[in-house]
file work22.pdb (PDB, N, CA and C atoms)
MODEL        1
ATOM      1  N   MET A   1     -15.331 -38.442   3.416
ATOM      2  CA  MET A   1     -14.285 -39.286   2.875
ATOM      3  C   MET A   1     -13.863 -40.288   3.944
ATOM      4  N   ASP A   2     -13.841 -41.555   3.588
ATOM      5  CA  ASP A   2     -13.412 -42.603   4.510
ATOM      6  C   ASP A   2     -11.914 -42.819   4.384
ATOM      7  N   THR A   3     -11.236 -42.784   5.520
ATOM      8  CA  THR A   3      -9.794 -42.994   5.536
ATOM      9  C   THR A   3      -9.465 -44.080   6.543
ATOM     10  N   ASP A   4      -8.717 -45.071   6.119
ATOM     11  CA  ASP A   4      -8.241 -46.113   7.023
ATOM     12  C   ASP A   4      -6.877 -45.718   7.554
ATOM     13  N   ILE A   5      -6.649 -45.947   8.831
ATOM     14  CA  ILE A   5      -5.371 -45.633   9.448
ATOM     15  C   ILE A   5      -4.924 -46.831  10.261
ATOM     16  N   ASN A   6      -3.688 -47.221  10.067
ATOM     17  CA  ASN A   6      -3.080 -48.285  10.863
ATOM     18  C   ASN A   6      -1.850 -47.664  11.523
ATOM     19  N   LEU A   7      -1.997 -47.247  12.759
ATOM     20  CA  LEU A   7      -0.916 -46.596  13.492
ATOM     21  C   LEU A   7      -0.933 -47.118  14.915
ATOM     22  N   ALA A   8       0.200 -47.623  15.357
ATOM     23  CA  ALA A   8       0.332 -48.111  16.731
ATOM     24  C   ALA A   8       1.359 -47.259  17.453
ATOM     25  N   VAL A   9       1.028 -46.837  18.659
ATOM     26  CA  VAL A   9       1.943 -46.091  19.505
ATOM     27  C   VAL A   9       1.912 -46.760  20.875
ATOM     28  N   LEU A  10       3.068 -47.226  21.324
ATOM     29  CA  LEU A  10       3.172 -47.898  22.617
ATOM     30  C   LEU A  10       4.161 -47.164  23.495
ATOM     31  N   CYS A  11       3.878 -47.102  24.776
ATOM     32  CA  CYS A  11       4.832 -46.638  25.761
ATOM     33  C   CYS A  11       4.793 -47.647  26.885
ATOM     34  N   GLY A  12       5.927 -48.294  27.137
ATOM     35  CA  GLY A  12       5.959 -49.329  28.162
ATOM     36  C   GLY A  12       7.378 -49.731  28.477
ATOM     37  N   ARG A  13       7.521 -50.932  28.987
ATOM     38  CA  ARG A  13       8.832 -51.456  29.379
ATOM     39  C   ARG A  13       9.120 -52.760  28.639
ATOM     40  N   LEU A  14      10.401 -52.986  28.357
ATOM     41  CA  LEU A  14      10.787 -54.230  27.698
ATOM     42  C   LEU A  14      10.607 -55.387  28.665
ATOM     43  N   ALA A  15       9.839 -56.370  28.264
ATOM     44  CA  ALA A  15       9.619 -57.565  29.083
ATOM     45  C   ALA A  15      10.800 -58.519  28.967
ATOM     46  N   THR A  16      11.504 -58.440  27.844
ATOM     47  CA  THR A  16      12.653 -59.306  27.588
ATOM     48  C   THR A  16      13.737 -58.486  26.910
ATOM     49  N   ALA A  17      14.945 -58.999  26.934
ATOM     50  CA  ALA A  17      16.016 -58.361  26.168
ATOM     51  C   ALA A  17      15.717 -58.577  24.682
ATOM     52  N   PRO A  18      16.042 -57.614  23.824
ATOM     53  CA  PRO A  18      15.782 -57.771  22.391
ATOM     54  C   PRO A  18      16.554 -58.945  21.794
ATOM     55  N   GLU A  19      15.941 -59.579  20.816
ATOM     56  CA  GLU A  19      16.559 -60.689  20.082
ATOM     57  C   GLU A  19      16.844 -60.212  18.663
ATOM     58  N   VAL A  20      18.107 -60.297  18.250
ATOM     59  CA  VAL A  20      18.494 -59.867  16.902
ATOM     60  C   VAL A  20      18.646 -61.099  16.030
ATOM     61  N   ARG A  21      18.050 -61.054  14.841
ATOM     62  CA  ARG A  21      18.174 -62.136  13.866
ATOM     63  C   ARG A  21      18.909 -61.603  12.644
ATOM     64  N   LEU A  22      19.867 -62.362  12.172
ATOM     65  CA  LEU A  22      20.601 -62.022  10.951
ATOM     66  C   LEU A  22      20.162 -62.976   9.856
ATOM     67  N   PHE A  23      19.975 -62.457   8.644
ATOM     68  CA  PHE A  23      19.515 -63.256   7.530
ATOM     69  C   PHE A  23      20.612 -63.377   6.478
ATOM     70  N   ASP A  24      20.559 -64.456   5.690
ATOM     71  CA  ASP A  24      21.548 -64.688   4.634
ATOM     72  C   ASP A  24      21.612 -63.520   3.652
ATOM     73  N   SER A  25      20.502 -62.812   3.500
ATOM     74  CA  SER A  25      20.441 -61.691   2.563
ATOM     75  C   SER A  25      21.212 -60.470   3.068
ATOM     76  N   GLY A  26      21.641 -60.517   4.340
ATOM     77  CA  GLY A  26      22.325 -59.374   4.933
ATOM     78  C   GLY A  26      21.401 -58.518   5.777
ATOM     79  N   GLY A  27      20.105 -58.768   5.674
ATOM     80  CA  GLY A  27      19.141 -58.031   6.489
ATOM     81  C   GLY A  27      19.134 -58.546   7.916
ATOM     82  N   ARG A  28      18.493 -57.795   8.776
ATOM     83  CA  ARG A  28      18.376 -58.224  10.164
ATOM     84  C   ARG A  28      17.084 -57.662  10.764
ATOM     85  N   SER A  29      16.681 -58.286  11.832
ATOM     86  CA  SER A  29      15.503 -57.809  12.545
ATOM     87  C   SER A  29      15.776 -57.887  14.040
ATOM     88  N   MET A  30      15.019 -57.101  14.775
ATOM     89  CA  MET A  30      15.103 -57.119  16.231
ATOM     90  C   MET A  30      13.684 -57.344  16.740
ATOM     91  N   ARG A  31      13.536 -58.333  17.622
ATOM     92  CA  ARG A  31      12.231 -58.635  18.195
ATOM     93  C   ARG A  31      12.299 -58.492  19.701
ATOM     94  N   PHE A  32      11.214 -57.988  20.281
ATOM     95  CA  PHE A  32      11.137 -57.863  21.730
ATOM     96  C   PHE A  32       9.675 -57.763  22.151
ATOM     97  N   LEU A  33       9.441 -57.889  23.433
ATOM     98  CA  LEU A  33       8.104 -57.769  23.998
ATOM     99  C   LEU A  33       8.035 -56.502  24.839
ATOM    100  N   VAL A  34       6.962 -55.740  24.672
ATOM    101  CA  VAL A  34       6.753 -54.517  25.446
ATOM    102  C   VAL A  34       5.538 -54.740  26.350
ATOM    103  N   THR A  35       5.714 -54.496  27.642
ATOM    104  CA  THR A  35       4.583 -54.556  28.570
ATOM    105  C   THR A  35       4.013 -53.157  28.712
ATOM    106  N   VAL A  36       2.695 -53.072  28.616
ATOM    107  CA  VAL A  36       1.995 -51.801  28.716
ATOM    108  C   VAL A  36       0.939 -51.953  29.810
ATOM    109  N   ALA A  37       1.090 -51.163  30.865
ATOM    110  CA  ALA A  37       0.149 -51.225  31.984
ATOM    111  C   ALA A  37      -0.912 -50.150  31.825
ATOM    112  N   ALA A  38      -2.146 -50.489  32.195
ATOM    113  CA  ALA A  38      -3.254 -49.532  32.138
ATOM    114  C   ALA A  38      -4.082 -49.667  33.416
ATOM    115  N   ASP A  39      -4.573 -48.557  33.883
ATOM    116  CA  ASP A  39      -5.444 -48.567  35.055
ATOM    117  C   ASP A  39      -6.905 -48.365  34.688
ATOM    118  N   ARG A  40      -7.144 -47.853  33.487
ATOM    119  CA  ARG A  40      -8.518 -47.572  33.071
ATOM    120  C   ARG A  40      -8.797 -48.224  31.736
ATOM    121  N   PRO A  41      -9.924 -48.783  31.465
ATOM    122  CA  PRO A  41     -11.082 -48.809  32.332
ATOM    123  C   PRO A  41     -10.943 -49.807  33.479
ATOM    124  N   ARG A  42      -9.985 -50.717  33.397
ATOM    125  CA  ARG A  42      -9.712 -51.644  34.503
ATOM    126  C   ARG A  42      -8.225 -51.931  34.516
ATOM    127  N   ARG A  43      -7.723 -52.361  35.641
ATOM    128  CA  ARG A  43      -6.289 -52.623  35.765
ATOM    129  C   ARG A  43      -5.918 -53.859  34.956
ATOM    130  N   ARG A  44      -4.920 -53.680  34.087
ATOM    131  CA  ARG A  44      -4.437 -54.818  33.286
ATOM    132  C   ARG A  44      -3.060 -54.502  32.742
ATOM    133  N   ILE A  45      -2.358 -55.551  32.336
ATOM    134  CA  ILE A  45      -1.053 -55.414  31.697
ATOM    135  C   ILE A  45      -1.090 -56.209  30.402
ATOM    136  N   ASP A  46      -0.811 -55.533  29.294
ATOM    137  CA  ASP A  46      -0.738 -56.191  27.997
ATOM    138  C   ASP A  46       0.724 -56.405  27.636
ATOM    139  N   VAL A  47       1.011 -57.528  27.011
ATOM    140  CA  VAL A  47       2.354 -57.812  26.515
ATOM    141  C   VAL A  47       2.251 -57.853  24.996
ATOM    142  N   VAL A  48       2.962 -56.924  24.335
ATOM    143  CA  VAL A  48       2.819 -56.738  22.894
ATOM    144  C   VAL A  48       4.120 -57.109  22.192
ATOM    145  N   PRO A  49       4.073 -58.072  21.253
ATOM    146  CA  PRO A  49       5.276 -58.386  20.482
ATOM    147  C   PRO A  49       5.565 -57.284  19.461
ATOM    148  N   VAL A  50       6.849 -56.920  19.337
ATOM    149  CA  VAL A  50       7.282 -55.858  18.434
ATOM    150  C   VAL A  50       8.443 -56.370  17.584
ATOM    151  N   THR A  51       8.418 -56.063  16.296
ATOM    152  CA  THR A  51       9.525 -56.372  15.394
ATOM    153  C   THR A  51       9.993 -55.081  14.741
ATOM    154  N   LEU A  52      11.301 -54.861  14.744
ATOM    155  CA  LEU A  52      11.918 -53.724  14.052
ATOM    156  C   LEU A  52      12.830 -54.301  12.982
ATOM    157  N   TRP A  53      12.512 -54.029  11.715
ATOM    158  CA  TRP A  53      13.326 -54.505  10.606
ATOM    159  C   TRP A  53      14.472 -53.531  10.353
ATOM    160  N   ASP A  54      15.631 -54.063  10.048
ATOM    161  CA  ASP A  54      16.832 -53.274   9.758
ATOM    162  C   ASP A  54      17.116 -52.235  10.844
ATOM    163  N   PRO A  55      17.290 -52.697  12.093
ATOM    164  CA  PRO A  55      17.594 -51.752  13.175
ATOM    165  C   PRO A  55      18.946 -51.084  12.948
ATOM    166  N   SER A  56      19.098 -49.901  13.507
ATOM    167  CA  SER A  56      20.354 -49.160  13.363
ATOM    168  C   SER A  56      21.489 -49.904  14.048
ATOM    169  N   ASP A  57      22.714 -49.623  13.611
ATOM    170  CA  ASP A  57      23.895 -50.241  14.226
ATOM    171  C   ASP A  57      23.976 -49.897  15.705
ATOM    172  N   ASP A  58      23.633 -48.664  16.068
ATOM    173  CA  ASP A  58      23.669 -48.247  17.474
ATOM    174  C   ASP A  58      22.756 -49.111  18.330
ATOM    175  N   LEU A  59      21.586 -49.405  17.816
ATOM    176  CA  LEU A  59      20.628 -50.198  18.569
ATOM    177  C   LEU A  59      21.083 -51.647  18.696
ATOM    178  N   VAL A  60      21.693 -52.190  17.649
ATOM    179  CA  VAL A  60      22.167 -53.576  17.681
ATOM    180  C   VAL A  60      23.408 -53.697  18.570
ATOM    181  N   ASP A  61      24.329 -52.720  18.473
ATOM    182  CA  ASP A  61      25.567 -52.770  19.260
ATOM    183  C   ASP A  61      25.323 -52.534  20.744
ATOM    184  N   SER A  62      24.340 -51.720  21.075
ATOM    185  CA  SER A  62      24.014 -51.420  22.478
ATOM    186  C   SER A  62      22.508 -51.568  22.686
ATOM    187  N   PRO A  63      22.022 -52.807  22.668
ATOM    188  CA  PRO A  63      20.576 -52.994  22.788
ATOM    189  C   PRO A  63      20.087 -52.597  24.183
ATOM    190  N   PRO A  64      18.864 -52.120  24.260
ATOM    191  CA  PRO A  64      18.316 -51.778  25.570
ATOM    192  C   PRO A  64      18.151 -53.035  26.420
ATOM    193  N   GLU A  65      18.255 -52.858  27.719
ATOM    194  CA  GLU A  65      18.137 -53.980  28.637
ATOM    195  C   GLU A  65      16.677 -54.243  28.976
ATOM    196  N   GLN A  66      16.431 -55.444  29.483
ATOM    197  CA  GLN A  66      15.109 -55.779  29.969
ATOM    198  C   GLN A  66      14.685 -54.726  30.992
ATOM    199  N   ASN A  67      13.436 -54.362  30.990
ATOM    200  CA  ASN A  67      12.819 -53.387  31.876
ATOM    201  C   ASN A  67      13.107 -51.938  31.479
ATOM    202  N   SER A  68      13.843 -51.709  30.384
ATOM    203  CA  SER A  68      14.039 -50.346  29.887
ATOM    204  C   SER A  68      12.699 -49.781  29.429
ATOM    205  N   ARG A  69      12.503 -48.505  29.643
ATOM    206  CA  ARG A  69      11.278 -47.842  29.195
ATOM    207  C   ARG A  69      11.455 -47.444  27.730
ATOM    208  N   VAL A  70      10.459 -47.749  26.904
ATOM    209  CA  VAL A  70      10.536 -47.474  25.472
ATOM    210  C   VAL A  70       9.235 -46.871  24.953
ATOM    211  N   TRP A  71       9.377 -46.087  23.892
ATOM    212  CA  TRP A  71       8.263 -45.642  23.054
ATOM    213  C   TRP A  71       8.434 -46.349  21.722
ATOM    214  N   VAL A  72       7.351 -46.859  21.171
ATOM    215  CA  VAL A  72       7.382 -47.553  19.882
ATOM    216  C   VAL A  72       6.279 -46.970  19.010
ATOM    217  N   THR A  73       6.608 -46.648  17.767
ATOM    218  CA  THR A  73       5.592 -46.287  16.785
ATOM    219  C   THR A  73       5.728 -47.230  15.605
ATOM    220  N   GLY A  74       4.609 -47.583  15.016
ATOM    221  CA  GLY A  74       4.631 -48.500  13.879
ATOM    222  C   GLY A  74       3.221 -48.825  13.437
ATOM    223  N   VAL A  75       3.068 -50.014  12.870
ATOM    224  CA  VAL A  75       1.770 -50.473  12.382
ATOM    225  C   VAL A  75       1.482 -51.864  12.944
ATOM    226  N   VAL A  76       0.212 -52.184  13.040
ATOM    227  CA  VAL A  76      -0.216 -53.503  13.499
ATOM    228  C   VAL A  76      -0.313 -54.418  12.291
ATOM    229  N   GLN A  77       0.287 -55.604  12.404
ATOM    230  CA  GLN A  77       0.222 -56.581  11.308
ATOM    231  C   GLN A  77      -0.080 -57.963  11.873
ATOM    232  N   ARG A  78      -0.780 -58.739  11.066
ATOM    233  CA  ARG A  78      -1.053 -60.133  11.407
ATOM    234  C   ARG A  78      -0.155 -60.995  10.532
ATOM    235  N   ARG A  79       0.561 -61.901  11.160
ATOM    236  CA  ARG A  79       1.451 -62.807  10.437
ATOM    237  C   ARG A  79       0.901 -64.225  10.550
ATOM    238  N   ALA A  80       0.981 -64.976   9.468
ATOM    239  CA  ALA A  80       0.524 -66.366   9.455
ATOM    240  C   ALA A  80       1.713 -67.283   9.215
ATOM    241  N   GLN A  81       1.687 -68.435   9.865
ATOM    242  CA  GLN A  81       2.775 -69.394   9.718
ATOM    243  C   GLN A  81       2.181 -70.794   9.746
ATOM    244  N   ASP A  82       2.583 -71.610   8.769
ATOM    245  CA  ASP A  82       2.149 -73.002   8.732
ATOM    246  C   ASP A  82       3.171 -73.859   9.457
ATOM    247  N   GLY A  83       2.682 -74.754  10.288
ATOM    248  CA  GLY A  83       3.575 -75.631  11.041
ATOM    249  C   GLY A  83       2.926 -76.975  11.264
ATOM    250  N   PRO A  84       3.585 -77.839  12.043
ATOM    251  CA  PRO A  84       3.057 -79.178  12.288
ATOM    252  C   PRO A  84       1.693 -79.172  12.986
ATOM    253  N   GLU A  85       1.403 -78.105  13.718
ATOM    254  CA  GLU A  85       0.128 -78.011  14.423
ATOM    255  C   GLU A  85      -0.928 -77.282  13.598
ATOM    256  N   GLY A  86      -0.612 -77.006  12.343
ATOM    257  CA  GLY A  86      -1.552 -76.292  11.483
ATOM    258  C   GLY A  86      -1.153 -74.837  11.324
ATOM    259  N   ARG A  87      -2.059 -74.066  10.792
ATOM    260  CA  ARG A  87      -1.793 -72.646  10.537
ATOM    261  C   ARG A  87      -1.998 -71.853  11.825
ATOM    262  N   ARG A  88      -1.003 -71.036  12.148
ATOM    263  CA  ARG A  88      -1.072 -70.189  13.334
ATOM    264  C   ARG A  88      -0.912 -68.739  12.910
ATOM    265  N   THR A  89      -1.634 -67.868  13.569
ATOM    266  CA  THR A  89      -1.500 -66.442  13.281
ATOM    267  C   THR A  89      -1.058 -65.721  14.547
ATOM    268  N   ARG A  90      -0.442 -64.587  14.331
ATOM    269  CA  ARG A  90       0.077 -63.788  15.440
ATOM    270  C   ARG A  90      -0.073 -62.328  15.044
ATOM    271  N   ILE A  91      -0.472 -61.522  15.990
ATOM    272  CA  ILE A  91      -0.558 -60.085  15.761
ATOM    273  C   ILE A  91       0.622 -59.433  16.453
ATOM    274  N   GLU A  92       1.289 -58.520  15.744
ATOM    275  CA  GLU A  92       2.450 -57.833  16.297
ATOM    276  C   GLU A  92       2.484 -56.401  15.790
ATOM    277  N   VAL A  93       3.292 -55.591  16.433
ATOM    278  CA  VAL A  93       3.559 -54.238  15.955
ATOM    279  C   VAL A  93       4.865 -54.284  15.177
ATOM    280  N   VAL A  94       4.839 -53.833  13.940
ATOM    281  CA  VAL A  94       6.051 -53.697  13.140
ATOM    282  C   VAL A  94       6.475 -52.235  13.296
ATOM    283  N   ALA A  95       7.589 -52.037  13.978
ATOM    284  CA  ALA A  95       8.014 -50.699  14.387
ATOM    285  C   ALA A  95       8.702 -49.940  13.261
ATOM    286  N   ASP A  96       8.442 -48.646  13.230
ATOM    287  CA  ASP A  96       9.186 -47.714  12.389
ATOM    288  C   ASP A  96      10.223 -46.991  13.232
ATOM    289  N   GLN A  97       9.889 -46.768  14.484
ATOM    290  CA  GLN A  97      10.763 -46.007  15.385
ATOM    291  C   GLN A  97      10.674 -46.602  16.782
ATOM    292  N   VAL A  98      11.824 -46.721  17.423
ATOM    293  CA  VAL A  98      11.908 -47.152  18.816
ATOM    294  C   VAL A  98      12.708 -46.087  19.556
ATOM    295  N   THR A  99      12.136 -45.557  20.618
ATOM    296  CA  THR A  99      12.812 -44.543  21.414
ATOM    297  C   THR A  99      13.029 -45.120  22.806
ATOM    298  N   VAL A 100      14.283 -45.144  23.245
ATOM    299  CA  VAL A 100      14.642 -45.711  24.538
ATOM    300  C   VAL A 100      14.956 -44.578  25.499
ATOM    301  N   LEU A 101      14.383 -44.643  26.689
ATOM    302  CA  LEU A 101      14.709 -43.663  27.720
ATOM    303  C   LEU A 101      16.021 -44.116  28.351
ATOM    304  N   SER A 102      17.088 -43.343  28.148
ATOM    305  CA  SER A 102      18.419 -43.741  28.618
ATOM    306  C   SER A 102      18.509 -43.632  30.139
ATOM    307  N   PRO A 103      19.517 -44.275  30.733
ATOM    308  CA  PRO A 103      19.686 -44.201  32.188
ATOM    309  C   PRO A 103      19.865 -42.774  32.688
ATOM    310  N   GLU A 104      20.383 -41.885  31.844
ATOM    311  CA  GLU A 104      20.573 -40.487  32.236
ATOM    312  C   GLU A 104      19.278 -39.690  32.110
ATOM    313  N   ARG A 105      18.172 -40.357  31.803
ATOM    314  CA  ARG A 105      16.870 -39.732  31.654
ATOM    315  C   ARG A 105      16.758 -38.860  30.417
ATOM    316  N   CYS A 106      17.545 -39.145  29.408
ATOM    317  CA  CYS A 106      17.444 -38.434  28.135
ATOM    318  C   CYS A 106      16.774 -39.361  27.137
ATOM    319  N   ASN A 107      15.955 -38.819  26.276
ATOM    320  CA  ASN A 107      15.353 -39.633  25.232
ATOM    321  C   ASN A 107      16.351 -39.813  24.102
ATOM    322  N   VAL A 108      16.556 -41.045  23.702
ATOM    323  CA  VAL A 108      17.469 -41.360  22.610
ATOM    324  C   VAL A 108      16.629 -42.021  21.523
ATOM    325  N   ALA A 109      16.551 -41.410  20.348
ATOM    326  CA  ALA A 109      15.756 -41.970  19.248
ATOM    327  C   ALA A 109      16.599 -42.949  18.455
ATOM    328  N   LEU A 110      16.107 -44.156  18.342
ATOM    329  CA  LEU A 110      16.796 -45.198  17.588
ATOM    330  C   LEU A 110      15.776 -45.826  16.665
ATOM    331  N   GLY A 111      16.196 -46.172  15.484
ATOM    332  CA  GLY A 111      15.235 -46.762  14.553
ATOM    333  C   GLY A 111      15.955 -47.540  13.482
ATOM    334  N   ARG A 112      15.469 -47.405  12.272
ATOM    335  CA  ARG A 112      16.070 -48.111  11.140
ATOM    336  C   ARG A 112      17.344 -47.409  10.706
ATOM    337  N   LYS A 113      18.137 -48.147   9.923
ATOM    338  CA  LYS A 113      19.359 -47.569   9.356
ATOM    339  C   LYS A 113      19.025 -46.378   8.501
TER     340      LYS A 113
ENDMDL
END
call {"tool": "encode", "arguments": {"input": "work22.pdb", "output": "structure tokens"}}
result
Amino acid sequence: MDTDINLAVLCGRLATAPEVRLFDSGGRSMRFLVTVAADRPRRRIDVVPVTLWDPSDDLVDSPPEQNSRVWVTGVVQRRAQDGPEGRRTRIEVVADQVTVLSPERCNVALGRK
């Protein structure tokens, strides 16, 4: 039986402070960049854009700071946007769960409402 799976799991640090967007519909999103360092098979650092739709009030009221360590689970999606320079696409992780390692070294699970 063939099964397709789209699951992304990231563990890294916030490259930027999260950006919260509010929409006329009352919805909101939080966007941020996660840096993920790897030593194998070769040394590199990837910067992955992440979007969390309808983040919890706790996460919006006390967003994690730049360089905070986070775990992210979600799915990989490609988004297309038409603009003056033509059609552009972007690949991002759409998060279901964001876990921030608090300053006290406790894991705090934050996600959707």
call {"tool": "atom_distance", "arguments": {"input": "work22.pdb", "atom1": "atom C of Thr89 in chain A", "atom2": "CA of Val47 in chain A"}}
result
14.7 Å
call {"tool": "closest_residue", "arguments": {"input": "work22.pdb", "among": "A:Val60, A:Val9, A:Val48, A:Ala17", "to": "Val72 in chain A", "atoms": "only C-alpha atoms"}}
result
A:Val9
call {"tool": "resolve_selection", "arguments": {"input": "work22.pdb", "expression": "the PyMOL selection byres (((chain A and resi 61-71 and name CA) around 6) and name CA)", "output": "JSON, numbers by chain"}}
result
{"A": [10, 11, 12, 13, 14, 15, 16, 17, 57, 58, 59, 60, 72, 98, 99, 100, 101]}
call {"tool": "write_last_selection", "arguments": {"input": "work22.pdb", "atoms": "N, CA and C atoms", "output": "PDB file, in the frame of the given file"}}
result
ATOM      1  N   LEU A  10       3.068 -47.226  21.324  1.00  0.00           N
ATOM      2  CA  LEU A  10       3.172 -47.898  22.617  1.00  0.00           C
ATOM      3  C   LEU A  10       4.161 -47.164  23.495  1.00  0.00           C
ATOM      4  N   CYS A  11       3.878 -47.102  24.776  1.00  0.00           N
ATOM      5  CA  CYS A  11       4.832 -46.638  25.761  1.00  0.00           C
ATOM      6  C   CYS A  11       4.793 -47.647  26.885  1.00  0.00           C
ATOM      7  N   GLY A  12       5.927 -48.294  27.137  1.00  0.00           N
ATOM      8  CA  GLY A  12       5.959 -49.329  28.162  1.00  0.00           C
ATOM      9  C   GLY A  12       7.378 -49.731  28.477  1.00  0.00           C
ATOM     10  N   ARG A  13       7.521 -50.932  28.987  1.00  0.00           N
ATOM     11  CA  ARG A  13       8.832 -51.456  29.379  1.00  0.00           C
ATOM     12  C   ARG A  13       9.120 -52.760  28.639  1.00  0.00           C
ATOM     13  N   LEU A  14      10.401 -52.986  28.357  1.00  0.00           N
ATOM     14  CA  LEU A  14      10.787 -54.230  27.698  1.00  0.00           C
ATOM     15  C   LEU A  14      10.607 -55.387  28.665  1.00  0.00           C
ATOM     16  N   ALA A  15       9.839 -56.370  28.264  1.00  0.00           N
ATOM     17  CA  ALA A  15       9.619 -57.565  29.083  1.00  0.00           C
ATOM     18  C   ALA A  15      10.800 -58.519  28.967  1.00  0.00           C
ATOM     19  N   THR A  16      11.504 -58.440  27.844  1.00  0.00           N
ATOM     20  CA  THR A  16      12.653 -59.306  27.588  1.00  0.00           C
ATOM     21  C   THR A  16      13.737 -58.486  26.910  1.00  0.00           C
ATOM     22  N   ALA A  17      14.945 -58.999  26.934  1.00  0.00           N
ATOM     23  CA  ALA A  17      16.016 -58.361  26.168  1.00  0.00           C
ATOM     24  C   ALA A  17      15.717 -58.577  24.682  1.00  0.00           C
ATOM     25  N   ASP A  57      22.714 -49.623  13.611  1.00  0.00           N
ATOM     26  CA  ASP A  57      23.895 -50.241  14.226  1.00  0.00           C
ATOM     27  C   ASP A  57      23.976 -49.897  15.705  1.00  0.00           C
ATOM     28  N   ASP A  58      23.633 -48.664  16.068  1.00  0.00           N
ATOM     29  CA  ASP A  58      23.669 -48.247  17.474  1.00  0.00           C
ATOM     30  C   ASP A  58      22.756 -49.111  18.330  1.00  0.00           C
ATOM     31  N   LEU A  59      21.586 -49.405  17.816  1.00  0.00           N
ATOM     32  CA  LEU A  59      20.628 -50.198  18.569  1.00  0.00           C
ATOM     33  C   LEU A  59      21.083 -51.647  18.696  1.00  0.00           C
ATOM     34  N   VAL A  60      21.693 -52.190  17.649  1.00  0.00           N
ATOM     35  CA  VAL A  60      22.167 -53.576  17.681  1.00  0.00           C
ATOM     36  C   VAL A  60      23.408 -53.697  18.570  1.00  0.00           C
ATOM     37  N   VAL A  72       7.351 -46.859  21.171  1.00  0.00           N
ATOM     38  CA  VAL A  72       7.382 -47.553  19.882  1.00  0.00           C
ATOM     39  C   VAL A  72       6.279 -46.970  19.010  1.00  0.00           C
ATOM     40  N   VAL A  98      11.824 -46.721  17.423  1.00  0.00           N
ATOM     41  CA  VAL A  98      11.908 -47.152  18.816  1.00  0.00           C
ATOM     42  C   VAL A  98      12.708 -46.087  19.556  1.00  0.00           C
ATOM     43  N   THR A  99      12.136 -45.557  20.618  1.00  0.00           N
ATOM     44  CA  THR A  99      12.812 -44.543  21.414  1.00  0.00           C
ATOM     45  C   THR A  99      13.029 -45.120  22.806  1.00  0.00           C
ATOM     46  N   VAL A 100      14.283 -45.144  23.245  1.00  0.00           N
ATOM     47  CA  VAL A 100      14.642 -45.711  24.538  1.00  0.00           C
ATOM     48  C   VAL A 100      14.956 -44.578  25.499  1.00  0.00           C
ATOM     49  N   LEU A 101      14.383 -44.643  26.689  1.00  0.00           N
ATOM     50  CA  LEU A 101      14.709 -43.663  27.720  1.00  0.00           C
ATOM     51  C   LEU A 101      16.021 -44.116  28.351  1.00  0.00           C
TER      52      LEU A 101
END
call {"tool": "resolve_selection", "arguments": {"input": "work22.pdb", "expression": "the PyMOL selection byres ((chain A and resi 79) around 6)", "output": "mmCIF file with N, CA and C atoms, keeping the file's coordinate frame"}}
result
data_model
loop_
_atom_site.group_PDB
_atom_site.id
_atom_site.type_symbol
_atom_site.label_atom_id
_atom_site.label_comp_id
_atom_site.auth_asym_id
_atom_site.auth_seq_id
_atom_site.Cartn_x
_atom_site.Cartn_y
_atom_site.Cartn_z
ATOM 1 N N GLN A 77 0.287 -55.604 12.404
ATOM 2 C CA GLN A 77 0.222 -56.581 11.308
ATOM 3 C C GLN A 77 -0.080 -57.963 11.873
ATOM 4 N N ARG A 78 -0.780 -58.739 11.066
ATOM 5 C CA ARG A 78 -1.053 -60.133 11.407
ATOM 6 C C ARG A 78 -0.155 -60.995 10.532
ATOM 7 N N ALA A 80 0.981 -64.976 9.468
ATOM 8 C CA ALA A 80 0.524 -66.366 9.455
ATOM 9 C C ALA A 80 1.713 -67.283 9.215
ATOM 10 N N GLN A 81 1.687 -68.435 9.865
ATOM 11 C CA GLN A 81 2.775 -69.394 9.718
ATOM 12 C C GLN A 81 2.181 -70.794 9.746
ATOM 13 N N ARG A 88 -1.003 -71.036 12.148
ATOM 14 C CA ARG A 88 -1.072 -70.189 13.334
ATOM 15 C C ARG A 88 -0.912 -68.739 12.910
ATOM 16 N N THR A 89 -1.634 -67.868 13.569
ATOM 17 C CA THR A 89 -1.500 -66.442 13.281
ATOM 18 C C THR A 89 -1.058 -65.721 14.547
ATOM 19 N N ARG A 90 -0.442 -64.587 14.331
ATOM 20 C CA ARG A 90 0.077 -63.788 15.440
ATOM 21 C C ARG A 90 -0.073 -62.328 15.044
ATOM 22 N N ILE A 91 -0.472 -61.522 15.990
ATOM 23 C CA ILE A 91 -0.558 -60.085 15.761
ATOM 24 C C ILE A 91 0.622 -59.433 16.453
ATOM 25 N N GLU A 92 1.289 -58.520 15.744
ATOM 26 C CA GLU A 92 2.450 -57.833 16.297
ATOM 27 C C GLU A 92 2.484 -56.401 15.790
#
call {"tool": "select_by_dssp", "arguments": {"input": "work22.pdb", "residues": "chain A", "states": "strand (DSSP E)", "output": "ChimeraX atom specification"}}
result
/A:8-14,19-22,28-38,44-53,69-83,86-101,107-111
call {"tool": "atom_distance", "arguments": {"input": "work22.pdb", "atom1": "CA of Leu22 in chain A", "atom2": "CA of Leu52 in chain A"}}
result
12.4 Å
call {"tool": "select_by_dssp", "arguments": {"input": "work22.pdb", "residues": "chain A", "states": "alpha helix (DSSP H)", "output": "PDB file with N, CA and C atoms, in the frame of the given file"}}
result
ATOM      1  N   ASP A  57      22.714 -49.623  13.611  1.00  0.00           N
ATOM      2  CA  ASP A  57      23.895 -50.241  14.226  1.00  0.00           C
ATOM      3  C   ASP A  57      23.976 -49.897  15.705  1.00  0.00           C
ATOM      4  N   ASP A  58      23.633 -48.664  16.068  1.00  0.00           N
ATOM      5  CA  ASP A  58      23.669 -48.247  17.474  1.00  0.00           C
ATOM      6  C   ASP A  58      22.756 -49.111  18.330  1.00  0.00           C
ATOM      7  N   LEU A  59      21.586 -49.405  17.816  1.00  0.00           N
ATOM      8  CA  LEU A  59      20.628 -50.198  18.569  1.00  0.00           C
ATOM      9  C   LEU A  59      21.083 -51.647  18.696  1.00  0.00           C
ATOM     10  N   VAL A  60      21.693 -52.190  17.649  1.00  0.00           N
ATOM     11  CA  VAL A  60      22.167 -53.576  17.681  1.00  0.00           C
ATOM     12  C   VAL A  60      23.408 -53.697  18.570  1.00  0.00           C
ATOM     13  N   ASP A  61      24.329 -52.720  18.473  1.00  0.00           N
ATOM     14  CA  ASP A  61      25.567 -52.770  19.260  1.00  0.00           C
ATOM     15  C   ASP A  61      25.323 -52.534  20.744  1.00  0.00           C
TER      16      ASP A  61
END
